[in-house]
$ cat final-v9.pdb   # PDB, C-alpha atoms
ATOM      1  CA  MET A  19     124.494 103.561  63.033
ATOM      2  CA  LEU A  20     124.832 100.553  65.309
ATOM      3  CA  ASP A  21     126.870 102.693  67.658
ATOM      4  CA  THR A  22     124.152 105.324  68.033
ATOM      5  CA  VAL A  23     121.684 102.581  68.870
ATOM      6  CA  PHE A  24     123.991 100.923  71.385
ATOM      7  CA  ASN A  25     125.141 104.067  73.222
ATOM      8  CA  VAL A  26     122.461 104.859  75.774
ATOM      9  CA  THR A  27     120.988 108.351  75.737
ATOM     10  CA  LEU A  28     117.873 109.956  77.151
ATOM     11  CA  THR A  29     115.949 108.735  74.114
ATOM     12  CA  HIS A  30     116.607 105.107  75.034
ATOM     13  CA  TYR A  31     115.012 105.545  78.432
ATOM     14  CA  LEU A  32     112.060 107.402  76.948
ATOM     15  CA  VAL A  33     111.488 104.661  74.385
ATOM     16  CA  LEU A  34     111.726 101.995  77.079
ATOM     17  CA  ALA A  35     109.237 103.915  79.219
ATOM     18  CA  SER A  36     106.764 104.343  76.382
ATOM     19  CA  VAL A  37     107.013 100.706  75.336
ATOM     20  CA  LEU A  38     106.244  99.627  78.893
ATOM     21  CA  PHE A  39     103.432 102.177  79.114
ATOM     22  CA  ILE A  40     101.836 100.925  75.905
ATOM     23  CA  ILE A  41     102.116  97.290  77.002
ATOM     24  CA  GLY A  42     100.359  98.276  80.213
ATOM     25  CA  LEU A  43      97.725 100.217  78.290
ATOM     26  CA  VAL A  44      97.001  97.262  76.013
ATOM     27  CA  GLY A  45      96.728  95.077  79.111
ATOM     28  CA  VAL A  46      94.247  97.457  80.730
ATOM     29  CA  MET A  47      92.156  97.587  77.570
ATOM     30  CA  THR A  48      92.144  93.940  76.558
ATOM     31  CA  CYS A  49      92.082  91.974  79.820
ATOM     32  CA  ARG A  50      88.923  90.914  81.603
ATOM     33  CA  ASN A  51      90.438  89.804  84.882
ATOM     34  CA  VAL A  52      90.371  92.718  87.328
ATOM     35  CA  ILE A  53      93.614  91.717  89.006
ATOM     36  CA  ARG A  54      95.442  91.565  85.694
ATOM     37  CA  VAL A  55      94.081  95.021  84.889
ATOM     38  CA  LEU A  56      95.483  96.268  88.195
ATOM     39  CA  MET A  57      98.852  94.732  87.370
ATOM     40  CA  SER A  58      98.859  96.447  83.965
ATOM     41  CA  LEU A  59      98.033  99.706  85.708
ATOM     42  CA  GLU A  60     101.107  99.261  87.905
ATOM     43  CA  LEU A  61     103.154  98.728  84.741
ATOM     44  CA  MET A  62     101.923 102.049  83.375
ATOM     45  CA  LEU A  63     102.767 103.895  86.598
ATOM     46  CA  ASN A  64     106.245 102.365  86.595
ATOM     47  CA  ALA A  65     106.806 103.468  83.007
ATOM     48  CA  VAL A  66     106.039 107.030  84.064
ATOM     49  CA  ASN A  67     108.537 106.641  86.902
ATOM     50  CA  ILE A  68     111.267 105.711  84.418
ATOM     51  CA  ASN A  69     110.402 108.817  82.443
ATOM     52  CA  MET A  70     110.681 111.088  85.473
ATOM     53  CA  VAL A  71     113.961 109.642  86.673
ATOM     54  CA  ALA A  72     115.565 109.684  83.218
ATOM     55  CA  PHE A  73     114.577 113.290  82.568
ATOM     56  CA  ASN A  74     115.911 114.252  85.979
ATOM     57  CA  ASN A  75     119.208 112.535  85.293
ATOM     58  CA  TYR A  76     119.719 114.140  81.883
ATOM     59  CA  LEU A  77     118.267 117.611  82.463
ATOM     60  CA  ASN A  78     119.579 118.110  86.040
ATOM     61  CA  PRO A  79     117.110 120.715  87.325
ATOM     62  CA  GLU A  80     118.522 123.343  89.673
ATOM     63  CA  MET A  81     117.156 125.904  92.065
ATOM     64  CA  ALA A  82     117.707 129.604  91.399
ATOM     65  CA  ASP A  83     120.911 129.637  93.437
ATOM     66  CA  GLY A  84     122.397 126.705  91.543
ATOM     67  CA  THR A  85     121.850 123.938  94.085
ATOM     68  CA  PRO A  86     120.550 120.767  92.412
ATOM     69  CA  LEU A  87     116.878 119.964  92.904
ATOM     70  CA  LEU A  88     115.817 116.358  92.333
ATOM     71  CA  SER A  89     112.304 117.144  91.161
ATOM     72  CA  GLY A  90     112.043 114.000  89.053
ATOM     73  CA  HIS A  91     112.891 111.775  91.982
ATOM     74  CA  VAL A  92     110.351 113.574  94.167
ATOM     75  CA  PHE A  93     107.606 113.147  91.568
ATOM     76  CA  SER A  94     108.607 109.522  91.284
ATOM     77  CA  ILE A  95     108.238 109.060  95.026
ATOM     78  CA  PHE A  96     104.784 110.608  94.921
ATOM     79  CA  ILE A  97     103.810 108.243  92.106
ATOM     80  CA  LEU A  98     105.108 105.380  94.235
ATOM     81  CA  THR A  99     102.908 106.540  97.122
ATOM     82  CA  ILE A 100      99.831 106.886  94.946
ATOM     83  CA  ALA A 101     100.493 103.471  93.407
ATOM     84  CA  ALA A 102     100.689 101.820  96.820
ATOM     85  CA  ALA A 103      97.424 103.468  97.930
ATOM     86  CA  GLU A 104      95.782 102.609  94.621
ATOM     87  CA  ALA A 105      96.788  98.957  94.853
ATOM     88  CA  ALA A 106      95.452  98.641  98.404
ATOM     89  CA  VAL A 107      92.115 100.274  97.618
ATOM     90  CA  GLY A 108      91.855  98.501  94.262
ATOM     91  CA  LEU A 109      92.329  95.079  95.776
ATOM     92  CA  ALA A 110      89.856  95.898  98.554
ATOM     93  CA  ILE A 111      87.309  96.784  95.874
ATOM     94  CA  VAL A 112      88.120  93.576  93.999
ATOM     95  CA  ILE A 113      87.558  91.504  97.130
ATOM     96  CA  ALA A 114      84.278  93.303  97.900
ATOM     97  CA  LEU A 115      83.150  92.672  94.312
ATOM     98  CA  TYR A 116      84.204  89.052  94.571
ATOM     99  CA  ARG A 117      82.013  88.637  97.658
ATOM    100  CA  GLN A 118      79.116  90.110  95.727
ATOM    101  CA  ARG A 119      79.544  88.306  92.405
ATOM    102  CA  ALA A 120      81.895  85.351  93.109
ATOM    103  CA  THR A 121      83.966  86.256  90.060
ATOM    104  CA  VAL A 122      86.644  88.743  88.995
ATOM    105  CA  ASP A 123      85.445  88.989  85.406
ATOM    106  CA  MET A 124      85.199  92.656  84.406
ATOM    107  CA  GLU A 125      82.295  92.058  82.051
ATOM    108  CA  THR A 126      80.004  90.801  84.827
ATOM    109  CA  PHE A 127      80.276  94.006  86.848
ATOM    110  CA  ASN A 128      77.185  95.710  85.472
ATOM    111  CA  LEU A 129      75.435  96.570  88.739
ATOM    112  CA  LEU A 130      74.548 100.073  87.565
ATOM    113  CA  LYS A 131      73.408  99.010  84.098
ATOM    114  CA  GLY A 132      69.758  99.850  83.438
TER     115      GLY A 132
ATOM    116  CA  MET B  23     130.076 104.239  80.038
ATOM    117  CA  ILE B  24     130.354 100.886  78.286
ATOM    118  CA  VAL B  25     129.162  99.156  81.460
ATOM    119  CA  GLU B  26     126.136 101.417  81.613
ATOM    120  CA  ASN B  27     125.274 100.587  78.009
ATOM    121  CA  ILE B  28     125.584  96.852  78.558
ATOM    122  CA  LEU B  29     123.503  96.989  81.736
ATOM    123  CA  PHE B  30     120.815  99.003  79.964
ATOM    124  CA  TRP B  31     120.661  96.420  77.191
ATOM    125  CA  ILE B  32     120.247  93.721  79.839
ATOM    126  CA  PHE B  33     117.586  95.452  81.920
ATOM    127  CA  ALA B  34     115.478  97.000  79.180
ATOM    128  CA  PRO B  35     114.725  93.857  77.103
ATOM    129  CA  LEU B  36     114.181  91.949  80.353
ATOM    130  CA  ALA B  37     111.628  94.514  81.493
ATOM    131  CA  VAL B  38     109.833  94.533  78.155
ATOM    132  CA  THR B  39     109.611  90.748  77.819
ATOM    133  CA  ALA B  40     108.481  90.358  81.414
ATOM    134  CA  ALA B  41     105.870  93.085  80.864
ATOM    135  CA  LEU B  42     104.595  91.145  77.843
ATOM    136  CA  GLY B  43     104.432  88.110  80.121
ATOM    137  CA  VAL B  44     102.380  90.065  82.665
ATOM    138  CA  VAL B  45      99.786  90.980  80.074
ATOM    139  CA  PHE B  46      99.674  87.865  77.922
ATOM    140  CA  HIS B  47     100.522  84.874  80.125
ATOM    141  CA  ARG B  48      97.583  82.572  80.748
ATOM    142  CA  SER B  49      98.118  81.998  84.457
ATOM    143  CA  LEU B  50      97.615  84.908  86.843
ATOM    144  CA  ILE B  51     100.225  83.638  89.286
ATOM    145  CA  TYR B  52     102.849  83.619  86.547
ATOM    146  CA  SER B  53     101.772  87.139  85.610
ATOM    147  CA  ALA B  54     102.369  88.313  89.175
ATOM    148  CA  LEU B  55     105.803  86.676  89.168
ATOM    149  CA  PHE B  56     106.625  88.343  85.840
ATOM    150  CA  LEU B  57     105.582  91.602  87.479
ATOM    151  CA  ILE B  58     108.328  91.123  90.090
ATOM    152  CA  VAL B  59     110.862  90.734  87.266
ATOM    153  CA  VAL B  60     109.617  93.958  85.673
ATOM    154  CA  PHE B  61     109.881  95.874  88.941
ATOM    155  CA  LEU B  62     113.383  94.618  89.677
ATOM    156  CA  SER B  63     114.668  95.446  86.189
ATOM    157  CA  ILE B  64     113.151  98.911  86.495
ATOM    158  CA  ALA B  65     115.033  99.257  89.784
ATOM    159  CA  GLY B  66     118.163  98.478  87.780
ATOM    160  CA  VAL B  67     117.254 101.205  85.285
ATOM    161  CA  PHE B  68     116.895 103.606  88.228
ATOM    162  CA  VAL B  69     120.406 102.767  89.379
ATOM    163  CA  LEU B  70     121.693 103.550  85.888
ATOM    164  CA  ASN B  71     120.049 106.978  86.268
ATOM    165  CA  ASN B  72     121.801 107.820  89.579
ATOM    166  CA  ALA B  73     118.581 107.222  91.537
ATOM    167  CA  ASP B  74     119.895 104.851  94.169
ATOM    168  CA  PHE B  75     117.316 105.660  96.843
ATOM    169  CA  LEU B  76     114.488 105.215  94.371
ATOM    170  CA  ALA B  77     115.915 101.881  93.254
ATOM    171  CA  VAL B  78     115.845 100.585  96.818
ATOM    172  CA  ALA B  79     112.371 102.027  97.407
ATOM    173  CA  GLN B  80     111.207 100.433  94.155
ATOM    174  CA  THR B  81     112.545  97.053  95.262
ATOM    175  CA  ILE B  82     110.933  97.282  98.687
ATOM    176  CA  VAL B  83     107.596  98.880  97.819
ATOM    177  CA  TYR B  84     106.910  97.412  94.393
ATOM    178  CA  GLY B  85     109.107  94.340  94.130
ATOM    179  CA  VAL B  86     108.161  92.945  97.516
ATOM    180  CA  GLY B  87     105.203  94.754  99.082
ATOM    181  CA  LEU B  88     102.907  95.392  96.176
ATOM    182  CA  THR B  89     103.407  92.022  94.515
ATOM    183  CA  ILE B  90     102.638  90.286  97.808
ATOM    184  CA  VAL B  91      99.401  92.279  98.059
ATOM    185  CA  ILE B  92      98.538  91.305  94.496
ATOM    186  CA  LEU B  93      99.369  87.652  95.175
ATOM    187  CA  PHE B  94      97.067  87.809  98.210
ATOM    188  CA  GLY B  95      94.368  89.216  95.962
ATOM    189  CA  ILE B  96      94.864  86.353  93.497
ATOM    190  CA  MET B  97      94.724  83.801  96.307
ATOM    191  CA  PHE B  98      91.558  85.345  97.738
ATOM    192  CA  THR B  99      89.719  85.378  94.453
ATOM    193  CA  GLY B 100      91.080  82.095  93.115
ATOM    194  CA  ASP B 101      93.263  81.583  90.084
ATOM    195  CA  ARG B 102      90.297  80.317  88.127
ATOM    196  CA  PRO B 103      91.302  79.952  84.475
ATOM    197  CA  PHE B 104      88.424  81.675  82.785
ATOM    198  CA  ASP B 105      89.055  83.092  79.359
ATOM    199  CA  ASP B 106      90.865  86.339  80.114
ATOM    200  CA  ARG B 107      90.033  87.936  76.802
ATOM    201  CA  LEU B 108      87.386  90.338  75.677
ATOM    202  CA  ALA B 109      84.221  88.702  74.480
ATOM    203  CA  SER B 110      84.375  90.129  70.987
ATOM    204  CA  PRO B 111      87.626  89.374  69.146
ATOM    205  CA  GLY B 112      87.048  92.417  66.941
ATOM    206  CA  LYS B 113      87.231  94.741  69.928
ATOM    207  CA  ARG B 114      90.390  93.043  71.119
ATOM    208  CA  LEU B 115      91.971  93.429  67.700
ATOM    209  CA  ALA B 116      90.965  97.094  67.666
ATOM    210  CA  TYR B 117      92.670  97.695  71.017
ATOM    211  CA  LEU B 118      95.808  95.924  69.849
ATOM    212  CA  ILE B 119      95.829  98.165  66.761
ATOM    213  CA  VAL B 120      95.484 101.225  68.995
ATOM    214  CA  GLY B 121      98.517 100.036  70.938
ATOM    215  CA  ALA B 122     100.500  99.483  67.748
ATOM    216  CA  MET B 123      99.615 102.953  66.515
ATOM    217  CA  LEU B 124     100.750 104.495  69.794
ATOM    218  CA  LEU B 125     104.014 102.584  69.397
ATOM    219  CA  ALA B 126     104.375 103.953  65.873
ATOM    220  CA  MET B 127     104.107 107.454  67.310
ATOM    221  CA  LEU B 128     107.450 106.742  68.997
ATOM    222  CA  ILE B 129     109.381 106.882  65.746
ATOM    223  CA  PRO B 130     109.560 110.714  65.493
ATOM    224  CA  ALA B 131     110.226 110.928  69.237
ATOM    225  CA  ALA B 132     113.084 108.457  68.980
ATOM    226  CA  VAL B 133     115.019 110.550  66.453
ATOM    227  CA  TYR B 134     114.477 113.867  68.267
ATOM    228  CA  GLN B 135     117.590 115.439  69.791
ATOM    229  CA  TYR B 136     117.041 116.700  73.301
ATOM    230  CA  ASN B 137     118.882 119.667  74.808
ATOM    231  CA  ILE B 138     120.776 118.044  77.640
ATOM    232  CA  HIS B 139     121.655 120.155  80.663
ATOM    233  CA  PRO B 140     124.892 118.685  82.020
ATOM    234  CA  ALA B 141     125.312 117.902  85.699
ATOM    235  CA  SER B 142     127.355 120.359  87.737
ATOM    236  CA  GLU B 143     130.648 119.338  89.327
ATOM    237  CA  ALA B 144     129.106 119.493  92.814
ATOM    238  CA  LEU B 145     126.236 117.219  91.793
ATOM    239  CA  ILE B 146     128.590 114.652  90.291
ATOM    240  CA  ALA B 147     130.693 114.759  93.457
ATOM    241  CA  THR B 148     127.576 114.221  95.585
ATOM    242  CA  TYR B 149     126.484 111.280  93.450
ATOM    243  CA  MET B 150     129.919 109.730  93.688
ATOM    244  CA  THR B 151     130.180 110.026  97.484
ATOM    245  CA  GLU B 152     126.847 109.999  99.275
ATOM    246  CA  GLY B 153     124.320 109.271  96.545
ATOM    247  CA  SER B 154     121.057 111.021  95.874
ATOM    248  CA  THR B 155     119.332 110.378  99.198
ATOM    249  CA  GLY B 156     120.394 113.571 100.961
ATOM    250  CA  LEU B 157     119.417 115.791  98.040
ATOM    251  CA  LEU B 158     116.105 113.965  97.763
ATOM    252  CA  GLY B 159     115.344 114.511 101.446
ATOM    253  CA  LEU B 160     116.246 118.177 101.093
ATOM    254  CA  ALA B 161     113.850 118.577  98.177
ATOM    255  CA  LEU B 162     111.085 116.672  99.955
ATOM    256  CA  PHE B 163     111.216 118.786 103.107
ATOM    257  CA  THR B 164     111.782 122.213 101.579
ATOM    258  CA  GLN B 165     110.389 122.657  98.090
ATOM    259  CA  TYR B 166     107.839 119.845  98.271
ATOM    260  CA  ALA B 167     106.892 119.854 101.966
ATOM    261  CA  LEU B 168     103.192 120.483 101.406
ATOM    262  CA  PRO B 169     102.683 117.706  98.805
ATOM    263  CA  PHE B 170     104.608 115.416 101.132
ATOM    264  CA  GLU B 171     102.143 116.056 103.959
ATOM    265  CA  VAL B 172      99.180 115.703 101.615
ATOM    266  CA  ALA B 173     100.587 112.345 100.497
ATOM    267  CA  SER B 174     100.688 111.161 104.101
ATOM    268  CA  VAL B 175      97.025 112.115 104.562
ATOM    269  CA  LEU B 176      96.227 110.276 101.335
ATOM    270  CA  LEU B 177      97.955 107.140 102.587
ATOM    271  CA  LEU B 178      95.959 107.266 105.825
ATOM    272  CA  LEU B 179      92.714 107.690 103.914
ATOM    273  CA  ALA B 180      93.588 104.835 101.568
ATOM    274  CA  MET B 181      94.377 102.568 104.514
ATOM    275  CA  VAL B 182      91.090 103.327 106.284
ATOM    276  CA  GLY B 183      89.163 103.027 103.022
ATOM    277  CA  ALA B 184      90.706  99.677 102.182
ATOM    278  CA  ILE B 185      89.827  98.305 105.613
ATOM    279  CA  ILE B 186      86.243  99.573 105.397
ATOM    280  CA  LEU B 187      85.817  98.210 101.869
ATOM    281  CA  SER B 188      87.170  94.748 102.530
ATOM    282  CA  LYS B 189      85.675  93.989 105.954
ATOM    283  CA  LYS B 190      82.791  91.555 106.234
ATOM    284  CA  GLN B 191      79.414  93.133 105.591
ATOM    285  CA  MET B 192      76.807  92.814 108.330
ATOM    286  CA  VAL B 193      73.900  92.979 105.888
ATOM    287  CA  PRO B 194      72.698  89.625 104.518
ATOM    288  CA  THR B 195      72.769  89.327 100.745
ATOM    289  CA  GLU B 196      71.668  86.533  98.461
ATOM    290  CA  LYS B 197      75.158  85.182  97.847
ATOM    291  CA  THR B 198      76.517  85.442 101.377
ATOM    292  CA  SER B 199      74.457  84.307 104.319
ATOM    293  CA  VAL B 200      75.995  86.243 107.173
ATOM    294  CA  LYS B 201      75.272  84.576 110.461
ATOM    295  CA  TYR B 202      75.621  87.754 112.484
ATOM    296  CA  ALA B 203      72.505  89.311 111.004
ATOM    297  CA  LEU B 204      69.144  88.392 112.476
ATOM    298  CA  PRO B 205      66.230  87.363 110.293
ATOM    299  CA  SER B 206      63.831  90.264 110.137
ATOM    300  CA  THR B 207      60.931  88.251 111.611
ATOM    301  CA  THR B 208      62.662  87.856 114.928
ATOM    302  CA  LEU B 209      63.052  91.584 115.382
ATOM    303  CA  GLY B 210      60.621  93.259 117.756
ATOM    304  CA  SER B 211      59.785  96.894 118.098
ATOM    305  CA  THR B 212      61.515  97.639 121.373
ATOM    306  CA  ALA B 213      64.982  96.889 122.520
ATOM    307  CA  GLU B 214      63.638  94.494 125.171
ATOM    308  CA  GLU B 215      61.746  92.453 122.552
ATOM    309  CA  ILE B 216      64.759  92.297 120.262
ATOM    310  CA  TYR B 217      66.841  91.140 123.169
ATOM    311  CA  GLU B 218      64.349  88.463 124.218
ATOM    312  CA  LYS B 219      63.947  87.093 120.686
ATOM    313  CA  ALA B 220      67.587  87.207 119.723
ATOM    314  CA  PRO B 221      68.917  83.649 119.275
ATOM    315  CA  PHE B 222      72.175  84.404 121.019
ATOM    316  CA  HIS B 223      70.845  85.939 124.209
ATOM    317  CA  GLY B 224      71.591  82.757 126.117
ATOM    318  CA  HIS B 225      75.304  83.537 125.745
ATOM    319  CA  LEU B 226      75.016  87.096 126.927
ATOM    320  CA  PRO B 227      73.786  87.434 130.532
ATOM    321  CA  LYS B 228      71.269  90.236 130.666
ATOM    322  CA  GLU B 229      72.433  91.506 134.027
ATOM    323  CA  GLN B 230      74.387  89.997 136.804
ATOM    324  CA  PRO B 231      72.292  88.793 139.793
ATOM    325  CA  ALA B 232      72.688  91.129 142.743
ATOM    326  CA  SER B 233      73.895  88.531 145.221
ATOM    327  CA  GLU B 234      76.558  87.210 142.845
ATOM    328  CA  ALA B 235      77.797  90.692 142.188
ATOM    329  CA  GLU B 236      78.073  91.346 145.925
ATOM    330  CA  THR B 237      80.028  88.161 146.583
ATOM    331  CA  ASN B 238      82.302  88.986 143.670
ATOM    332  CA  GLY B 239      82.879  92.377 145.152
ATOM    333  CA  ALA B 240      83.619  90.875 148.566
ATOM    334  CA  GLU B 241      86.114  88.431 147.067
ATOM    335  CA  THR B 242      87.854  91.216 145.281
ATOM    336  CA  GLN B 243      88.044  93.216 148.454
ATOM    337  CA  GLU B 244      89.506  90.252 150.277
ATOM    338  CA  MET B 245      92.080  89.753 147.554
ATOM    339  CA  ILE B 246      93.090  93.360 147.692
ATOM    340  CA  GLY B 247      93.268  93.057 151.464
ATOM    341  CA  VAL B 248      90.918  95.854 152.431
TER     342      VAL B 248
END
$ encode --input "final-v9.pdb" --output "structure tokens"
Amino acid sequence: MLDTVFNVTLTHYLVLASVLFIIGLVGVMTCRNVIRVLMSLELMLNAVNINMVAFNNYLNPEMADGTPLLSGHVFSIFILTIAAAEAAVGLAIVIALYRQRATVDMETFNLLKG
Amino acid sequence: MIVENILFWIFAPLAVTAALGVVFHRSLIYSALFLIVVFLSIAGVFVLNNADFLAVAQTIVYGVGLTIVILFGIMFTGDRPFDDRLASPGKRLAYLIVGAMLLAMLIPAAVYQYNIHPASEALIATYMTEGSTGLLGLALFTQYALPFEVASVLLLLAMVGAIILSKKQMVPTEKTSVKYALPSTTLGSTAEEIYEKAPFHGHLPKEQPASEAETNGAETQEMIGV
């Protein structure tokens, strides 16, 4: 029993990824500071990256002629790209909001509220 | 194999505890530093999965670049210790319960047996000698060439958008008195009137006097040696 827990398999990586994802999700839902929400969002994206890489390592996708195709790594790189763009734009929005409201509290951003 | 297991059991708890620190630590700066720990341990997990290039990219892009951007954001907005929790404790409790229920959904997934497709001899040989970088480049420029180009366009757009969003606004608002904008009463109807009434027109010569321009031209000609 202890041995099956200790020996690392695909399941271990998937559990790690989902635990990180859920921690990030709870952070996004429960935090009021915009920057902390952004950080939790990065956690969630990273958890997905772990998922992709682990599946790629254990399932070893191939092309039709048998040459290995690292699809998981490629998806992971795209997620990395999107995360970088998202962080830059997100922080620009935060700074614009901070100029407007002088705070980063999520619950004060009700500009469109009737 | 035993080394891989031990390393996993170092990196994984480290990542999880640091992630908890990111979400629940009181100080934002400490949260950002915990985030670096999470990123670096995830880079370690990537190495365990034969993704050496991704591990290095993770360290550079996330561990260094992104956290510096986030730290800049914290510095710009001030690490003001306001209560970082939802106003109603009931809502917060509800969200925590949602998270716990999602975690509970893991239990059936954790006992599921996956059909593993073993790595071919050639792939293992490639991993042992040159790593995954060559194969990754091959995939990026053949199978995934179009998404790759789209990603580059996306990065350009994000860069331009971030600059536009975060530059100083020229329109005066209540909170920020921007000194570049003129009060509306000073504005005239024609360009001449606006120019005459503008408070800064003393610093901008309207047009150079003719004689001065001529002498300048003569000096230049002398210097050139015409």
$ residues_around --input "final-v9.pdb" --residues "range 70-78 of chain A" --least-positions-apart "4" --cutoff "10 Å" --atoms "all atoms listed in the file" --output "PyMOL selection string"
(chain A and resi 27-32+35+64-66+86-94+97) or (chain B and resi 67-73+76+136-142+145)
$ resolve_selection --input "final-v9.pdb" --expression "the ChimeraX specification (/A :<6) & /B" --output "VMD selection string"
chain B and resid 27 45 71 106 to 107 114 121 132 138 to 139 141 158 177 180 184 187 to 188
$ write_last_selection --input "final-v9.pdb" --atoms "C-alpha atoms" --output "PDB file, keeping the file's coordinate frame"
ATOM      1  CA  ASN B  27     125.274 100.587  78.009  1.00  0.00           C
ATOM      2  CA  VAL B  45      99.786  90.980  80.074  1.00  0.00           C
ATOM      3  CA  ASN B  71     120.049 106.978  86.268  1.00  0.00           C
ATOM      4  CA  ASP B 106      90.865  86.339  80.114  1.00  0.00           C
ATOM      5  CA  ARG B 107      90.033  87.936  76.802  1.00  0.00           C
ATOM      6  CA  ARG B 114      90.390  93.043  71.119  1.00  0.00           C
ATOM      7  CA  GLY B 121      98.517 100.036  70.938  1.00  0.00           C
ATOM      8  CA  ALA B 132     113.084 108.457  68.980  1.00  0.00           C
ATOM      9  CA  ILE B 138     120.776 118.044  77.640  1.00  0.00           C
ATOM     10  CA  HIS B 139     121.655 120.155  80.663  1.00  0.00           C
ATOM     11  CA  ALA B 141     125.312 117.902  85.699  1.00  0.00           C
ATOM     12  CA  LEU B 158     116.105 113.965  97.763  1.00  0.00           C
ATOM     13  CA  LEU B 177      97.955 107.140 102.587  1.00  0.00           C
ATOM     14  CA  ALA B 180      93.588 104.835 101.568  1.00  0.00           C
ATOM     15  CA  ALA B 184      90.706  99.677 102.182  1.00  0.00           C
ATOM     16  CA  LEU B 187      85.817  98.210 101.869  1.00  0.00           C
ATOM     17  CA  SER B 188      87.170  94.748 102.530  1.00  0.00           C
TER      18      SER B 188
END
$ resolve_selection --input "final-v9.pdb" --expression "the PyMOL selection byres ((chain B and resi 83-97) around 7)" --output "number ranges by chain"
A: 102, 109; B: 54, 58, 61-62, 79-82, 98-101
$ atom_distance --input "final-v9.pdb" --atom1 "CA of Phe163 in chain B" --atom2 "CA of Ala82 in chain A"
17.2 Å
$ resolve_selection --input "final-v9.pdb" --expression "the PyMOL selection byres ((chain B and resi 47) around 12)" --output "list in words"
Gly45, Cys49 and Arg54 of chain A; Thr39, Ala40, Ala41, Leu42, Gly43, Val44, Val45, Phe46, Arg48, Ser49, Leu50, Ile51, Tyr52, Ser53, Ala54, Leu55, Phe56, Leu57, Pro103, Asp105, Asp106 and Arg107 of chain B
$ atom_distance --input "final-v9.pdb" --atom1 "CA of Ala144 in chain B" --atom2 "CA of Ala161 in chain B"
16.2 Å
$ atom_distance --input "final-v9.pdb" --atom1 "CA of Gly183 in chain B" --atom2 "CA of Ala77 in chain B"
28.5 Å
